[in-house]
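Scroll down for the structure; my scribbles are underneath it.
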Amino acid sequence: MIGLLQRVRSAQVEIDGKTVGAIGRGLLVLVGVEQGDDVARTDRLLQRLLGYRVFPDNAGKMNLSVRDIGGGLLLVPQFTLAADTDKGMRPSFTPAAAPELGQRLFAYLVEKARTQHAPVEKGVFGADMHVTLTNDGPVTFWLQAK
């Protein structure tokens, strides 16, 4: 399972001009589900997202997590993260999980995140979404739970 996390000052997801999820300071995480992913990998990714130290402490060092600062978490499903881009000029989505598995694990991730942290907002699996953000830093990390 892949999480592309971005430290943000704010972020939101719109569908058909309507905001479906928005946060202030926190993490926007684009989530890709790969073949072979399961609940254990989802739990591991969530543990890393909530504990990953990407926010500055009083000395300006990245020593604080989204939990530490009480920041928002905006989870957005993005199957294209699982693309194979090694060959040719068109991505292959063979490594991506089947839509049913992707949707199930994304829903599980959101549900589990909401039991461990607040606020948690989300995008909509399979929807045509418009995501806007103000990246803080910029700070962006690729996390993978295997």
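Residue numbering restarts at 1 for every chain of the structure tokens, chains are lettered A, B, ... in their displayed order, and ligands are numbered from 1 as they appear.
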
message = With DSSP run on the backbone, what are the helix (DSSP H, G or I) residues within segment 7-119 of chain A? I'd like them as a ChimeraX atom specification.
response = /A:39-51,66-69,79-82,99-116

Counting only C-alpha atoms, which residues of segment 26-110 of chain A sit at most 9 Å from some atom of segment 117-141 of chain A, and what is each one's closest atom pair with its distance in Å to one decimal, listed by chain and rising residue number, as CSV?
```
residue,atom,partner,partner_atom,distance
A:Leu28,CA,A:Leu133,CA,8.0
A:Leu50,CA,A:His117,CA,7.9
A:Val54,CA,A:Val139,CA,7.7
A:Arg67,CA,A:His117,CA,7.1
A:Gly70,CA,A:Ala118,CA,7.5
A:Gly71,CA,A:Pro119,CA,7.3
A:Gly72,CA,A:Pro119,CA,5.0
A:Leu73,CA,A:Val120,CA,4.8
A:Leu74,CA,A:Glu121,CA,4.7
A:Leu75,CA,A:Lys122,CA,4.7
A:Val76,CA,A:Gly123,CA,4.6
A:Pro77,CA,A:Phe125,CA,5.7
A:Gln78,CA,A:Phe125,CA,8.0
A:Phe79,CA,A:Gly126,CA,8.9
A:Pro99,CA,A:Gly126,CA,8.4
A:Gly102,CA,A:Phe125,CA,8.4
A:Gln103,CA,A:Phe125,CA,6.3
A:Phe106,CA,A:Phe125,CA,7.8
A:Ala107,CA,A:Phe125,CA,8.6
A:Val110,CA,A:Lys122,CA,7.3
```

What would the file look like if the residues just selected were written as a PDB file, in the first residue's frame with N, CA and C atoms?
```pdb
ATOM      1  N   LEU A  28      -2.190  15.804   3.650  1.00  0.00           N
ATOM      2  CA  LEU A  28      -2.962  15.289   2.532  1.00  0.00           C
ATOM      3  C   LEU A  28      -2.237  14.021   2.110  1.00  0.00           C
ATOM      4  N   LEU A  50       0.243   8.447  10.879  1.00  0.00           N
ATOM      5  CA  LEU A  50      -0.062   9.181  12.112  1.00  0.00           C
ATOM      6  C   LEU A  50       1.179   9.496  12.938  1.00  0.00           C
ATOM      7  N   VAL A  54       7.002  14.955  10.424  1.00  0.00           N
ATOM      8  CA  VAL A  54       7.267  15.857   9.306  1.00  0.00           C
ATOM      9  C   VAL A  54       6.959  17.319   9.632  1.00  0.00           C
ATOM     10  N   ARG A  67      -0.279  13.720  14.641  1.00  0.00           N
ATOM     11  CA  ARG A  67      -0.899  13.510  15.969  1.00  0.00           C
ATOM     12  C   ARG A  67      -0.412  14.563  16.959  1.00  0.00           C
ATOM     13  N   GLY A  70      -2.024  17.854  16.365  1.00  0.00           N
ATOM     14  CA  GLY A  70      -3.488  17.855  16.276  1.00  0.00           C
ATOM     15  C   GLY A  70      -3.974  18.296  14.911  1.00  0.00           C
ATOM     16  N   GLY A  71      -3.201  17.971  13.880  1.00  0.00           N
ATOM     17  CA  GLY A  71      -3.535  18.387  12.521  1.00  0.00           C
ATOM     18  C   GLY A  71      -4.552  17.497  11.852  1.00  0.00           C
ATOM     19  N   GLY A  72      -5.050  17.958  10.729  1.00  0.00           N
ATOM     20  CA  GLY A  72      -6.015  17.193   9.960  1.00  0.00           C
ATOM     21  C   GLY A  72      -5.349  16.140   9.091  1.00  0.00           C
ATOM     22  N   LEU A  73      -6.142  15.143   8.712  1.00  0.00           N
ATOM     23  CA  LEU A  73      -5.695  14.090   7.822  1.00  0.00           C
ATOM     24  C   LEU A  73      -6.740  13.965   6.718  1.00  0.00           C
ATOM     25  N   LEU A  74      -6.319  14.223   5.479  1.00  0.00           N
ATOM     26  CA  LEU A  74      -7.209  14.123   4.325  1.00  0.00           C
ATOM     27  C   LEU A  74      -6.709  12.971   3.464  1.00  0.00           C
ATOM     28  N   LEU A  75      -7.493  11.888   3.409  1.00  0.00           N
ATOM     29  CA  LEU A  75      -7.131  10.681   2.677  1.00  0.00           C
ATOM     30  C   LEU A  75      -7.863  10.673   1.338  1.00  0.00           C
ATOM     31  N   VAL A  76      -7.097  10.525   0.254  1.00  0.00           N
ATOM     32  CA  VAL A  76      -7.661  10.581  -1.090  1.00  0.00           C
ATOM     33  C   VAL A  76      -7.210   9.338  -1.865  1.00  0.00           C
ATOM     34  N   PRO A  77      -8.165   8.515  -2.313  1.00  0.00           N
ATOM     35  CA  PRO A  77      -7.781   7.329  -3.083  1.00  0.00           C
ATOM     36  C   PRO A  77      -7.229   7.718  -4.448  1.00  0.00           C
ATOM     37  N   GLN A  78      -6.101   7.097  -4.830  1.00  0.00           N
ATOM     38  CA  GLN A  78      -5.506   7.393  -6.127  1.00  0.00           C
ATOM     39  C   GLN A  78      -4.811   6.147  -6.662  1.00  0.00           C
ATOM     40  N   PHE A  79      -5.540   5.374  -7.455  1.00  0.00           N
ATOM     41  CA  PHE A  79      -5.008   4.108  -7.949  1.00  0.00           C
ATOM     42  C   PHE A  79      -3.807   4.297  -8.862  1.00  0.00           C
ATOM     43  N   PRO A  99     -10.506  -3.066  -8.261  1.00  0.00           N
ATOM     44  CA  PRO A  99     -11.308  -2.010  -7.638  1.00  0.00           C
ATOM     45  C   PRO A  99     -12.022  -2.424  -6.352  1.00  0.00           C
ATOM     46  N   GLY A 102      -9.412  -2.453  -3.616  1.00  0.00           N
ATOM     47  CA  GLY A 102      -8.987  -1.078  -3.356  1.00  0.00           C
ATOM     48  C   GLY A 102     -10.017  -0.303  -2.562  1.00  0.00           C
ATOM     49  N   GLN A 103     -11.269  -0.423  -2.956  1.00  0.00           N
ATOM     50  CA  GLN A 103     -12.335   0.289  -2.260  1.00  0.00           C
ATOM     51  C   GLN A 103     -12.492  -0.208  -0.827  1.00  0.00           C
ATOM     52  N   PHE A 106      -9.426   0.987   1.237  1.00  0.00           N
ATOM     53  CA  PHE A 106      -9.481   2.436   1.457  1.00  0.00           C
ATOM     54  C   PHE A 106     -10.533   2.764   2.519  1.00  0.00           C
ATOM     55  N   ALA A 107     -11.710   2.147   2.433  1.00  0.00           N
ATOM     56  CA  ALA A 107     -12.767   2.375   3.428  1.00  0.00           C
ATOM     57  C   ALA A 107     -12.292   1.946   4.819  1.00  0.00           C
ATOM     58  N   VAL A 110      -9.864   4.617   6.207  1.00  0.00           N
ATOM     59  CA  VAL A 110     -10.579   5.806   6.698  1.00  0.00           C
ATOM     60  C   VAL A 110     -11.249   5.502   8.038  1.00  0.00           C
TER      61      VAL A 110
END
```

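Pairwise distance (atom CA of Gly51 of chain A, atom CA of Ser65 of chain A) equals 5.2 Å.
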
ask   = Where does DSSP see strand (DSSP E or B) in segment 43-122 of chain A, if you list the residues as number ranges by chain?
value = A: 55-56, 62-64, 72-77, 84, 92, 96, 120-122

Generate the output file for the selected residues, C-alpha atoms, as a short mmCIF file (atom, residue, chain, number, x, y, z; two decimals), in the first residue's frame.
```cif
data_model
loop_
_atom_site.label_atom_id
_atom_site.label_comp_id
_atom_site.auth_asym_id
_atom_site.auth_seq_id
_atom_site.Cartn_x
_atom_site.Cartn_y
_atom_site.Cartn_z
CA PHE A 55 6.21 18.95 11.27
CA PRO A 56 8.75 21.31 12.83
CA MET A 62 11.02 17.77 11.71
CA ASN A 63 10.26 16.07 15.03
CA LEU A 64 6.46 16.28 15.31
CA GLY A 72 -6.01 17.19 9.96
CA LEU A 73 -5.69 14.09 7.82
CA LEU A 74 -7.21 14.12 4.33
CA LEU A 75 -7.13 10.68 2.68
CA VAL A 76 -7.66 10.58 -1.09
CA PRO A 77 -7.78 7.33 -3.08
CA ASP A 84 4.10 0.48 -13.53
CA SER A 92 0.38 0.03 -16.93
CA ALA A 96 -2.92 -1.91 -8.87
CA VAL A 120 -10.05 12.79 9.30
CA GLU A 121 -11.60 13.73 5.95
CA LYS A 122 -11.66 11.76 2.71
#
```

key: Closest of A:Leu101, A:Leu49, A:Leu143, A:Met1 to Asp68 of chain A - atom-to-atom distances counting only C-alpha atoms   =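 Of all the options, A:Leu49 lies closest to Asp68 of chain A.
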